[in-house]
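So this one's query-v5.txt, compact mmCIF, C-alpha atoms:
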# COMPACT_ATOMS: atom_id res chain seq x y z
CA MET A 1 -44.58 27.59 -9.18
CA ILE A 2 -42.64 26.85 -12.37
CA ASP A 3 -39.46 28.24 -10.79
CA PHE A 4 -40.01 26.02 -7.74
CA LEU A 5 -40.38 22.89 -9.93
CA LYS A 6 -37.27 23.80 -11.88
CA LYS A 7 -35.36 24.15 -8.63
CA GLN A 8 -36.56 20.75 -7.40
CA LEU A 9 -35.72 19.05 -10.69
CA PHE A 10 -32.26 20.61 -10.64
CA THR A 11 -31.72 19.38 -7.07
CA VAL A 12 -32.78 15.83 -7.99
CA HIS A 13 -30.53 15.95 -11.05
CA GLN A 14 -27.54 17.11 -9.01
CA ASN A 15 -28.16 14.52 -6.29
CA GLY A 16 -28.42 11.78 -8.92
CA LYS A 17 -25.13 12.84 -10.49
CA GLN A 18 -23.52 12.95 -7.05
CA GLN A 19 -24.76 9.44 -6.20
CA VAL A 20 -23.52 8.01 -9.51
CA SER A 21 -20.16 9.71 -8.96
CA GLU A 22 -20.01 8.25 -5.44
CA VAL A 23 -20.76 4.73 -6.70
CA PHE A 24 -17.83 4.94 -9.12
CA LYS A 25 -15.48 5.79 -6.24
CA TYR A 26 -16.08 2.25 -4.97
CA ILE A 27 -15.70 0.49 -8.34
CA GLY A 28 -12.29 -1.07 -8.94
CA PRO A 29 -11.31 -3.69 -6.33
CA GLY A 30 -13.72 -6.20 -7.85
CA ILE A 31 -12.13 -5.72 -11.28
CA ILE A 32 -8.71 -6.65 -9.88
CA VAL A 33 -10.22 -9.79 -8.35
CA THR A 34 -12.02 -10.62 -11.61
CA VAL A 35 -8.71 -10.85 -13.44
CA GLY A 36 -7.79 -13.68 -11.07
CA PHE A 37 -10.50 -15.93 -12.47
CA ILE A 38 -10.02 -15.12 -16.14
CA ASP A 39 -6.35 -16.09 -16.00
CA PRO A 40 -4.51 -18.58 -18.27
CA GLY A 41 -5.42 -21.41 -15.88
CA ASN A 42 -9.06 -20.67 -16.59
CA TRP A 43 -8.33 -20.68 -20.30
CA ALA A 44 -6.92 -24.19 -20.03
CA ALA A 45 -9.79 -25.47 -17.87
CA ASN A 46 -12.46 -23.84 -20.03
CA LEU A 47 -10.91 -24.97 -23.31
CA ALA A 48 -10.68 -28.53 -21.95
CA ALA A 49 -14.33 -28.34 -20.84
CA GLY A 50 -15.65 -27.01 -24.14
CA ALA A 51 -13.46 -29.15 -26.38
CA SER A 52 -14.17 -32.41 -24.52
CA TYR A 53 -17.77 -31.95 -23.33
CA GLY A 54 -19.28 -29.25 -25.51
CA TYR A 55 -21.78 -27.08 -23.63
CA GLU A 56 -22.45 -29.59 -20.83
CA LEU A 57 -20.12 -28.02 -18.24
CA LEU A 58 -21.31 -24.43 -18.57
CA TRP A 59 -23.29 -24.99 -15.35
CA VAL A 60 -19.99 -25.26 -13.44
CA VAL A 61 -19.13 -21.67 -14.42
CA THR A 62 -22.61 -20.52 -13.37
CA LEU A 63 -22.53 -22.31 -10.00
CA SER A 64 -18.92 -21.31 -9.31
CA THR A 65 -19.63 -17.66 -10.09
CA ILE A 66 -22.67 -17.57 -7.78
CA MET A 67 -20.60 -19.08 -4.97
CA LEU A 68 -17.77 -16.69 -5.82
CA ILE A 69 -19.99 -13.60 -5.54
CA LEU A 70 -21.19 -14.67 -2.09
CA LEU A 71 -17.69 -15.51 -0.83
CA GLN A 72 -16.00 -12.40 -2.26
CA HIS A 73 -18.75 -10.16 -0.92
CA ASN A 74 -18.37 -11.77 2.50
CA VAL A 75 -14.58 -11.44 2.66
CA ALA A 76 -14.73 -7.84 1.40
CA HIS A 77 -16.93 -7.08 4.43
CA LEU A 78 -14.11 -8.33 6.63
CA GLY A 79 -11.67 -5.91 5.00
CA ILE A 80 -14.09 -2.99 5.31
CA VAL A 81 -15.17 -3.63 8.90
CA ARG A 82 -11.77 -4.61 10.33
CA GLY A 83 -9.51 -2.51 8.14
CA GLN A 84 -7.43 -5.69 7.95
CA CYS A 85 -7.04 -8.41 5.35
CA LEU A 86 -7.87 -12.07 5.97
CA SER A 87 -4.24 -13.00 6.67
CA GLU A 88 -3.86 -10.22 9.26
CA CYS A 89 -7.01 -11.43 11.00
CA ALA A 90 -5.68 -15.00 11.01
CA TYR A 91 -2.50 -13.70 12.68
CA GLU A 92 -4.45 -11.79 15.32
CA PHE A 93 -7.26 -14.22 16.18
CA LEU A 94 -5.78 -17.70 15.69
CA PRO A 95 -3.05 -19.56 17.60
CA ARG A 96 0.25 -18.86 15.89
CA TYR A 97 0.88 -22.45 14.75
CA VAL A 98 -2.60 -22.61 13.20
CA SER A 99 -2.31 -19.28 11.38
CA ARG A 100 1.17 -20.12 10.07
CA PHE A 101 -0.04 -23.46 8.67
CA VAL A 102 -3.19 -22.04 7.07
CA LEU A 103 -1.40 -19.04 5.58
CA SER A 104 1.46 -21.21 4.32
CA THR A 105 -0.98 -23.33 2.30
CA ALA A 106 -2.52 -20.13 0.94
CA GLY A 107 0.93 -18.84 0.00
CA ILE A 108 1.64 -22.09 -1.87
CA ALA A 109 -1.70 -21.65 -3.66
CA ALA A 110 -0.65 -18.12 -4.68
CA ALA A 111 2.61 -19.51 -6.07
CA ALA A 112 0.67 -22.20 -7.96
CA THR A 113 -1.49 -19.44 -9.38
CA ALA A 114 1.59 -17.46 -10.44
CA LEU A 115 2.90 -20.61 -12.16
CA ALA A 116 -0.23 -20.75 -14.33
CA GLU A 117 -0.15 -17.02 -15.06
CA PHE A 118 3.52 -17.06 -16.09
CA ILE A 119 3.00 -20.07 -18.35
CA GLY A 120 0.01 -18.44 -20.01
CA ALA A 121 1.77 -15.14 -20.65
CA ALA A 122 4.88 -16.99 -21.86
CA ILE A 123 2.82 -19.10 -24.28
CA ALA A 124 1.33 -15.88 -25.67
CA LEU A 125 4.80 -14.33 -26.06
CA LYS A 126 5.94 -17.49 -27.83
CA MET A 127 2.95 -17.34 -30.19
CA LEU A 128 3.49 -13.68 -31.00
CA PHE A 129 7.28 -13.30 -30.96
CA GLY A 130 8.78 -16.81 -30.73
CA ILE A 131 10.23 -16.18 -27.24
CA PRO A 132 11.09 -19.44 -25.37
CA LEU A 133 8.76 -20.41 -22.51
CA LEU A 134 11.22 -19.86 -19.65
CA ILE A 135 12.46 -16.51 -20.99
CA GLY A 136 8.86 -15.39 -21.49
CA SER A 137 8.00 -16.38 -17.92
CA ILE A 138 10.97 -14.43 -16.51
CA LEU A 139 10.04 -11.41 -18.64
CA THR A 140 6.47 -11.57 -17.33
CA ALA A 141 7.71 -11.76 -13.71
CA VAL A 142 9.99 -8.74 -14.24
CA ILE A 143 7.24 -6.62 -15.84
CA CYS A 144 4.74 -7.51 -13.11
CA THR A 145 7.27 -6.80 -10.37
CA ILE A 146 7.81 -3.33 -11.82
CA MET A 147 4.02 -2.81 -11.92
CA LEU A 148 3.72 -3.79 -8.26
CA ILE A 149 6.72 -1.81 -6.98
CA THR A 150 4.77 1.39 -7.78
CA ASN A 151 2.50 0.43 -4.82
CA SER A 152 -0.43 2.39 -6.25
CA TYR A 153 -3.83 0.67 -6.13
CA ARG A 154 -5.59 3.19 -8.33
CA LYS A 155 -2.90 3.12 -11.02
CA LEU A 156 -2.92 -0.67 -10.98
CA GLU A 157 -6.72 -0.73 -11.16
CA ARG A 158 -6.68 1.36 -14.34
CA ILE A 159 -4.06 -0.87 -15.96
CA ILE A 160 -5.90 -4.06 -15.04
CA ALA A 161 -9.31 -2.64 -16.00
CA GLY A 162 -7.83 -1.91 -19.43
CA PHE A 163 -6.56 -5.49 -19.70
CA VAL A 164 -9.96 -6.90 -18.71
CA SER A 165 -11.68 -4.71 -21.30
CA LEU A 166 -9.36 -5.95 -24.04
CA ILE A 167 -9.84 -9.60 -23.01
CA ALA A 168 -13.62 -9.16 -22.99
CA LEU A 169 -13.54 -7.45 -26.39
CA ALA A 170 -11.36 -10.23 -27.83
CA TYR A 171 -13.80 -12.91 -26.76
CA LEU A 172 -16.86 -10.99 -27.93
CA VAL A 173 -15.21 -10.74 -31.34
CA GLU A 174 -14.29 -14.44 -31.42
CA VAL A 175 -17.67 -15.75 -30.21
CA ASN A 176 -19.34 -13.76 -32.98
CA MET A 177 -17.06 -15.46 -35.51
CA VAL A 178 -18.36 -18.97 -34.75
CA ASN A 179 -21.72 -20.74 -34.88
CA VAL A 180 -22.75 -21.21 -31.25
CA ASP A 181 -25.62 -23.58 -30.50
CA TRP A 182 -27.40 -21.15 -28.16
CA ALA A 183 -30.18 -23.62 -27.29
CA ALA A 184 -27.64 -26.18 -26.07
CA ALA A 185 -25.70 -23.43 -24.30
CA GLY A 186 -28.84 -22.25 -22.49
CA ILE A 187 -29.45 -25.75 -21.18
CA GLY A 188 -25.78 -26.18 -20.29
CA TRP A 189 -25.77 -23.05 -18.09
CA VAL A 190 -28.53 -24.35 -15.80
CA ASP A 191 -28.60 -28.15 -16.13
CA PRO A 192 -25.94 -29.79 -13.91
CA LYS A 193 -24.52 -32.84 -15.69
CA VAL A 194 -21.37 -34.78 -14.80
CA PRO A 195 -20.16 -36.58 -17.94
CA ASN A 196 -17.87 -39.59 -17.58
CA GLU A 197 -14.29 -38.74 -16.58
CA SER A 198 -15.11 -35.04 -16.28
CA MET A 199 -14.39 -34.59 -12.56
CA LEU A 200 -10.82 -33.34 -13.06
CA VAL A 201 -12.06 -30.69 -15.48
CA ILE A 202 -14.96 -29.73 -13.17
CA LEU A 203 -12.57 -29.30 -10.24
CA SER A 204 -10.17 -27.36 -12.46
CA ILE A 205 -12.96 -24.94 -13.40
CA LEU A 206 -14.03 -24.64 -9.77
CA GLY A 207 -10.46 -23.93 -8.65
CA ALA A 208 -9.97 -21.52 -11.53
CA VAL A 209 -13.09 -19.49 -10.67
CA ILE A 210 -13.10 -19.56 -6.85
CA MET A 211 -9.42 -18.97 -6.20
CA PRO A 212 -8.05 -18.96 -2.63
CA HIS A 213 -5.63 -16.10 -3.21
CA ASN A 214 -8.47 -13.90 -4.48
CA LEU A 215 -10.27 -14.15 -1.13
CA PHE A 216 -7.16 -12.82 0.59
CA LEU A 217 -6.62 -10.22 -2.13
CA HIS A 218 -10.14 -8.79 -2.01
CA SER A 219 -10.00 -8.27 1.75
CA GLU A 220 -6.77 -6.33 1.23
CA ILE A 221 -7.53 -4.11 -1.75
CA ILE A 222 -11.04 -3.15 -0.56
CA GLN A 223 -9.29 -1.13 2.15
CA SER A 224 -8.21 1.34 -0.52
CA ARG A 225 -11.86 2.52 -0.41
CA GLN A 226 -11.87 3.28 3.35
CA PHE A 227 -13.31 6.73 4.13
CA ASN A 228 -14.95 7.02 7.55
CA THR A 229 -15.79 3.63 8.97
CA GLN A 230 -16.62 5.12 12.38
CA ASP A 231 -19.80 6.60 10.93
CA PRO A 232 -22.50 3.85 10.69
CA SER A 233 -24.17 5.52 7.70
CA VAL A 234 -20.87 5.67 5.80
CA MET A 235 -20.13 2.05 6.70
CA LYS A 236 -23.57 0.93 5.51
CA ARG A 237 -23.14 2.79 2.21
CA GLN A 238 -19.67 1.36 1.69
CA LEU A 239 -20.89 -2.19 2.28
CA ARG A 240 -23.74 -1.67 -0.20
CA TYR A 241 -21.55 -0.17 -2.93
CA GLU A 242 -18.98 -2.93 -2.45
CA PHE A 243 -21.67 -5.48 -3.35
CA LEU A 244 -22.44 -3.59 -6.56
CA ASP A 245 -18.73 -3.60 -7.42
CA THR A 246 -18.47 -7.34 -6.71
CA LEU A 247 -21.65 -8.20 -8.62
CA LEU A 248 -20.65 -6.17 -11.67
CA SER A 249 -17.07 -7.47 -11.74
CA MET A 250 -17.92 -11.13 -11.17
CA GLY A 251 -20.67 -10.86 -13.80
CA ILE A 252 -18.06 -9.74 -16.33
CA GLY A 253 -15.92 -12.71 -15.31
CA TRP A 254 -18.85 -15.09 -15.79
CA MET A 255 -19.41 -13.79 -19.32
CA ILE A 256 -15.74 -14.14 -20.29
CA ASN A 257 -15.43 -17.66 -18.81
CA SER A 258 -18.65 -18.70 -20.51
CA ALA A 259 -17.38 -17.27 -23.80
CA MET A 260 -14.25 -19.43 -23.52
CA ILE A 261 -16.33 -22.61 -23.22
CA LEU A 262 -18.71 -21.48 -25.98
CA LEU A 263 -15.77 -20.86 -28.30
CA ALA A 264 -14.16 -24.23 -27.53
CA ALA A 265 -17.48 -26.07 -27.91
CA ALA A 266 -18.36 -24.40 -31.22
CA VAL A 267 -14.90 -24.70 -32.76
CA PHE A 268 -13.31 -27.84 -31.31
CA PHE A 269 -16.08 -30.08 -29.93
CA ALA A 270 -18.31 -29.51 -32.94
CA HIS A 271 -15.49 -30.58 -35.25
CA GLY A 272 -14.31 -33.49 -33.10
CA ILE A 273 -10.91 -31.91 -32.45
CA GLU A 274 -9.12 -32.64 -29.16
CA VAL A 275 -7.28 -29.74 -27.52
CA THR A 276 -4.20 -30.67 -25.48
CA GLU A 277 -2.28 -27.37 -25.40
CA LEU A 278 -2.98 -23.65 -25.69
CA GLU A 279 -0.58 -23.29 -28.62
CA GLN A 280 -2.59 -25.90 -30.50
CA ALA A 281 -5.76 -23.90 -29.86
CA GLU A 282 -4.19 -20.88 -31.55
CA GLU A 283 -3.10 -22.94 -34.55
CA LEU A 284 -6.50 -24.61 -34.93
CA LEU A 285 -8.39 -21.33 -34.74
CA ARG A 286 -6.70 -19.96 -37.83
CA PRO A 287 -8.18 -22.35 -40.44
CA LEU A 288 -11.51 -22.75 -38.66
CA ILE A 289 -12.28 -19.11 -37.88
CA GLY A 290 -9.90 -17.03 -39.96
CA PRO A 291 -6.42 -15.49 -39.93
CA ALA A 292 -7.34 -12.80 -37.38
CA ALA A 293 -8.52 -15.24 -34.71
CA GLY A 294 -5.10 -16.59 -33.77
CA THR A 295 -3.65 -13.14 -33.19
CA ILE A 296 -6.69 -12.04 -31.19
CA PHE A 297 -6.40 -15.19 -29.07
CA ALA A 298 -2.68 -14.67 -28.38
CA ILE A 299 -3.03 -10.97 -27.51
CA ALA A 300 -5.93 -11.65 -25.14
CA LEU A 301 -3.93 -14.46 -23.50
CA LEU A 302 -0.96 -12.12 -23.06
CA PHE A 303 -3.08 -9.44 -21.38
CA ALA A 304 -4.70 -12.06 -19.14
CA GLY A 305 -1.28 -13.44 -18.19
CA PHE A 306 0.20 -10.06 -17.29
CA ALA A 307 -2.83 -8.86 -15.33
CA SER A 308 -3.35 -12.10 -13.39
CA SER A 309 0.38 -12.46 -12.65
CA ALA A 310 0.24 -9.03 -11.01
CA THR A 311 -2.78 -9.95 -8.88
CA ALA A 312 -1.20 -13.28 -7.86
CA GLY A 313 1.90 -11.36 -6.74
CA MET A 314 -0.20 -8.90 -4.76
CA ALA A 315 -2.06 -11.75 -3.06
CA GLY A 316 1.09 -13.72 -2.22
CA ALA A 317 2.77 -10.61 -0.81
CA SER A 318 -0.33 -9.75 1.23
CA ILE A 319 -0.59 -13.29 2.64
CA PHE A 320 3.08 -13.37 3.66
CA ALA A 321 2.98 -9.90 5.24
CA GLY A 322 -0.13 -10.97 7.17
CA MET A 323 1.82 -13.88 8.67
CA PHE A 324 3.74 -11.20 10.60
CA GLY A 325 0.67 -9.09 11.40
CA GLU A 326 1.54 -6.51 8.76
CA SER A 327 -0.46 -4.90 5.97
CA TYR A 328 0.47 -5.12 2.29
CA ASP A 329 3.01 -2.38 1.55
CA MET A 330 5.60 -2.72 -1.20
CA LYS A 331 8.00 -0.53 0.80
CA ASP A 332 7.98 -3.13 3.57
CA PHE A 333 10.50 -5.98 3.69
CA HIS A 334 7.97 -8.76 4.40
CA THR A 335 5.72 -7.67 1.54
CA ARG A 336 8.62 -7.69 -0.93
CA LEU A 337 9.82 -11.02 0.42
CA GLY A 338 6.29 -12.40 0.00
CA LEU A 339 6.30 -11.29 -3.63
CA ALA A 340 9.65 -13.02 -4.17
CA LEU A 341 8.40 -16.20 -2.48
CA THR A 342 5.38 -16.18 -4.81
CA TYR A 343 7.24 -15.54 -8.05
CA ILE A 344 10.59 -17.33 -7.67
CA PRO A 345 9.25 -20.86 -6.85
CA ALA A 346 6.82 -20.54 -9.76
CA LEU A 347 9.68 -19.69 -12.12
CA LEU A 348 11.81 -22.55 -10.78
CA LEU A 349 8.97 -25.05 -11.32
CA ILE A 350 8.54 -23.88 -14.92
CA VAL A 351 12.04 -25.22 -15.63
CA PHE A 352 10.68 -28.73 -15.03
CA VAL A 353 7.38 -28.31 -16.91
CA THR A 354 7.20 -30.58 -19.95
CA ASP A 355 3.45 -30.35 -20.65
CA SER A 356 2.30 -26.75 -20.17
CA PHE A 357 -1.40 -27.50 -20.76
CA GLN A 358 -1.45 -30.28 -18.15
CA ALA A 359 0.51 -28.06 -15.74
CA LEU A 360 -2.18 -25.40 -16.07
CA LEU A 361 -4.95 -27.90 -15.29
CA ILE A 362 -3.09 -29.38 -12.31
CA SER A 363 -2.35 -25.92 -10.87
CA GLN A 364 -6.07 -25.10 -10.95
CA MET A 365 -6.90 -28.44 -9.35
CA PHE A 366 -4.46 -27.67 -6.53
CA LEU A 367 -6.24 -24.37 -5.92
CA SER A 368 -9.49 -26.26 -5.57
CA LEU A 369 -7.90 -28.61 -3.02
CA GLN A 370 -6.66 -25.68 -0.90
CA LEU A 371 -9.91 -23.74 -1.25
CA PRO A 372 -11.84 -25.35 1.68
CA ILE A 373 -9.07 -24.28 4.10
CA THR A 374 -9.39 -20.65 3.02
CA ILE A 375 -13.20 -20.73 2.95
CA PHE A 376 -13.49 -22.11 6.49
CA LEU A 377 -10.86 -19.63 7.74
CA GLN A 378 -12.90 -16.82 6.23
CA LEU A 379 -16.19 -18.08 7.67
CA TYR A 380 -14.66 -18.49 11.12
CA MET A 381 -13.60 -14.84 11.01
CA THR A 382 -16.75 -13.33 9.50
CA SER A 383 -19.03 -15.37 11.80
CA SER A 384 -17.27 -14.19 14.95
CA ARG A 385 -18.67 -11.24 16.89
CA LYS A 386 -15.26 -10.87 18.47
CA VAL A 387 -13.85 -10.16 15.01
CA MET A 388 -16.77 -8.45 13.24
CA GLY A 389 -18.86 -7.02 16.08
CA GLN A 390 -22.37 -6.06 14.91
CA TYR A 391 -21.38 -6.87 11.32
CA ALA A 392 -20.87 -10.60 11.99
CA ASN A 393 -22.69 -12.95 9.59
CA HIS A 394 -26.41 -13.46 10.17
CA THR A 395 -27.65 -17.01 10.68
CA TYR A 396 -29.01 -17.37 7.13
CA THR A 397 -25.72 -16.03 5.71
CA ASN A 398 -23.78 -18.58 7.74
CA VAL A 399 -26.02 -21.43 6.56
CA LEU A 400 -25.52 -20.40 2.94
CA LEU A 401 -21.76 -19.88 3.16
CA TRP A 402 -21.05 -22.97 5.25
CA GLY A 403 -23.12 -24.90 2.71
CA ILE A 404 -20.80 -23.62 -0.03
CA GLY A 405 -17.77 -24.68 1.99
CA ILE A 406 -19.19 -28.16 2.49
CA VAL A 407 -20.04 -28.55 -1.23
CA VAL A 408 -16.50 -27.55 -2.24
CA THR A 409 -15.03 -29.94 0.34
CA VAL A 410 -17.19 -32.87 -0.77
CA MET A 411 -16.23 -32.28 -4.40
CA ASN A 412 -12.55 -32.30 -3.45
CA ILE A 413 -12.91 -35.48 -1.41
CA TYR A 414 -14.66 -37.11 -4.35
CA LEU A 415 -11.81 -36.03 -6.66
CA LEU A 416 -9.25 -37.56 -4.31
CA TYR A 417 -11.32 -40.74 -4.05
CA VAL A 418 -11.58 -41.03 -7.84
CA GLY A 419 -7.88 -40.28 -8.20
CA ALA A 420 -7.01 -42.99 -5.68
Output the file's structure as structure tokens, nothing else.
Amino acid sequence: MIDFLKKQLFTVHQNGKQQVSEVFKYIGPGIIVTVGFIDPGNWAANLAAGASYGYELLWVVTLSTIMLILLQHNVAHLGIVRGQCLSECAYEFLPRYVSRFVLSTAGIAAAATALAEFIGAAIALKMLFGIPLLIGSILTAVICTIMLITNSYRKLERIIAGFVSLIALAYLVEVNMVNVDWAAAGIGWVDPKVPNESMLVILSILGAVIMPHNLFLHSEIIQSRQFNTQDPSVMKRQLRYEFLDTLLSMGIGWMINSAMILLAAAVFFAHGIEVTELEQAEELLRPLIGPAAGTIFAIALLFAGFASSATAGMAGASIFAGMFGESYDMKDFHTRLGLALTYIPALLLIVFVTDSFQALLISQMFLSLQLPITIFLQLYMTSSRKVMGQYANHTYTNVLLWGIGIVVTVMNIYLLYVGA
């Protein structure tokens, strides 16, 4: 009897280890996507939110992250079920003039994202080594191009996961250096307030968290986890594990974004100091927190800039390749051209940037304006039985996701109305 129990316990133990090992095979794509919404554009939006409004806009990060989890999970299903990314599906299932227009706006959004990433990394290089902004941007583009030319998802995942870990560690260290009002923060996370003249910052946060290019990117990179999608049990398991990957990764992003606002609120808002540029934030952190804070801030910004520049390039290349019905493949001409069309316009625009902080905010606002187009494209695809078969969205899923699309659209219309 004792031998029998030992055998059963050993079997359970081995099965448990096997299941844990299997889960980790699916972890990774979500981490790459997470980098997209902890990029330098987020830093600018979150610093502006915390410095100008204290803890009052933390709810935007919470709401945006919840919407992000639902949207990323939904678009990842498209990649798993179809074995195609969102742009490839647009090419196949939409009239050509419609798909070209929609994907062109998404490509412009990817270039706007790359603009923010290059500026952020270049600012960090300037802080650390005194390299001019344009030279730093070009250096970032060259390094990220080399990273992407390897065309290895798993290698890129490890690099980016390391960057994310360092960014998270940097912010954990910095948040512990300041006196955070946790009671006010707790209220801020769940109590939706819209302070006067805060709509630009709210839309910047929204566009910085729910990024159009990330929806395309997730549907592409999730395909690196394809095993046997013809087997319903394998498909079901893959869809379930993908949600765990998305939930874990987006949760990490929520913590890092929240930490940015907490830091800005505790350091800048509490002392009545206005933040108008990222360089200024580094300079102000030194006397208020200590000599180590500025270096930690700059290094974390550099890692965020490199990692998010790489993901923006991947997304732009994937979107452009999809316009021709092709998958992302760095050996393919259209993929490489898509990368060039993402990076080169961003670098050219940096030549004309005079206010880097404002450029970061405006780039995130543009992402928010393009976002409804991508969301409704995604929902059209994932709601269609012609596209998804038995895995098409259920009615309650459609209600929830279309509600998100409508909320984002209304917020954008309100921004345009206020701006006019």
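Residues within 9 Å of Glu174 (chain A), counting only C-alpha atoms and excluding same-chain residues fewer than 3 positions away, are Leu169, Ala170, Tyr171, Met177, Val178, Ala259, Leu263, Ile289, Ala293, Ile296 and Phe297 of chain A.
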Once you have the residues from the selection above, write them out as a compact mmCIF listing (two decimals), keeping the file's coordinate frame, restricted to C-alpha atoms.
# COMPACT_ATOMS: atom_id res chain seq x y z
CA LEU A 169 -13.54 -7.45 -26.39
CA ALA A 170 -11.36 -10.23 -27.83
CA TYR A 171 -13.80 -12.91 -26.76
CA MET A 177 -17.06 -15.46 -35.51
CA VAL A 178 -18.36 -18.97 -34.75
CA ALA A 259 -17.38 -17.27 -23.80
CA LEU A 263 -15.77 -20.86 -28.30
CA ILE A 289 -12.28 -19.11 -37.88
CA ALA A 293 -8.52 -15.24 -34.71
CA ILE A 296 -6.69 -12.04 -31.19
CA PHE A 297 -6.40 -15.19 -29.07
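In this comparison, which uses only C-alpha atoms, the residue of A:Ala292, A:Ala109, A:Ala76, A:Ala51 approaching Leu244 (chain A) most closely is A:Ala76.
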Have a look at A:Ser137, A:Thr105, A:Gln72, A:Ser64 and name the one nearest to Thr382 (chain A); count all atoms listed in the file.
A:Gln72
Tell me which protein, DNA and RNA residues are within 9 Å of region 87-94 of chain A, counting all atoms listed in the file, leaving out same-chain ones fewer than 2 positions away, and put them as a PDB file with C-alpha atoms, in the frame of the given file.
ATOM      1  CA  LEU A  78     -14.110  -8.330   6.630  1.00  0.00           C
ATOM      2  CA  ARG A  82     -11.770  -4.610  10.330  1.00  0.00           C
ATOM      3  CA  GLN A  84      -7.430  -5.690   7.950  1.00  0.00           C
ATOM      4  CA  CYS A  85      -7.040  -8.410   5.350  1.00  0.00           C
ATOM      5  CA  ARG A  96       0.250 -18.860  15.890  1.00  0.00           C
ATOM      6  CA  TYR A  97       0.880 -22.450  14.750  1.00  0.00           C
ATOM      7  CA  VAL A  98      -2.600 -22.610  13.200  1.00  0.00           C
ATOM      8  CA  SER A  99      -2.310 -19.280  11.380  1.00  0.00           C
ATOM      9  CA  ARG A 100       1.170 -20.120  10.070  1.00  0.00           C
ATOM     10  CA  VAL A 102      -3.190 -22.040   7.070  1.00  0.00           C
ATOM     11  CA  LEU A 103      -1.400 -19.040   5.580  1.00  0.00           C
ATOM     12  CA  PHE A 216      -7.160 -12.820   0.590  1.00  0.00           C
ATOM     13  CA  SER A 219     -10.000  -8.270   1.750  1.00  0.00           C
ATOM     14  CA  GLU A 220      -6.770  -6.330   1.230  1.00  0.00           C
ATOM     15  CA  SER A 318      -0.330  -9.750   1.230  1.00  0.00           C
ATOM     16  CA  ILE A 319      -0.590 -13.290   2.640  1.00  0.00           C
ATOM     17  CA  PHE A 320       3.080 -13.370   3.660  1.00  0.00           C
ATOM     18  CA  ALA A 321       2.980  -9.900   5.240  1.00  0.00           C
ATOM     19  CA  GLY A 322      -0.130 -10.970   7.170  1.00  0.00           C
ATOM     20  CA  MET A 323       1.820 -13.880   8.670  1.00  0.00           C
ATOM     21  CA  PHE A 324       3.740 -11.200  10.600  1.00  0.00           C
ATOM     22  CA  GLY A 325       0.670  -9.090  11.400  1.00  0.00           C
ATOM     23  CA  GLU A 326       1.540  -6.510   8.760  1.00  0.00           C
ATOM     24  CA  SER A 327      -0.460  -4.900   5.970  1.00  0.00           C
ATOM     25  CA  LEU A 377     -10.860 -19.630   7.740  1.00  0.00           C
ATOM     26  CA  GLN A 378     -12.900 -16.820   6.230  1.00  0.00           C
ATOM     27  CA  MET A 381     -13.600 -14.840  11.010  1.00  0.00           C
ATOM     28  CA  LYS A 386     -15.260 -10.870  18.470  1.00  0.00           C
ATOM     29  CA  VAL A 387     -13.850 -10.160  15.010  1.00  0.00           C
TER      30      VAL A 387
END
Measuring atom to atom with all atoms listed in the file, identify which of A:Leu367, A:Leu248, A:Ala49, A:Met260 is nearest to Val175 (chain A).
A:Met260
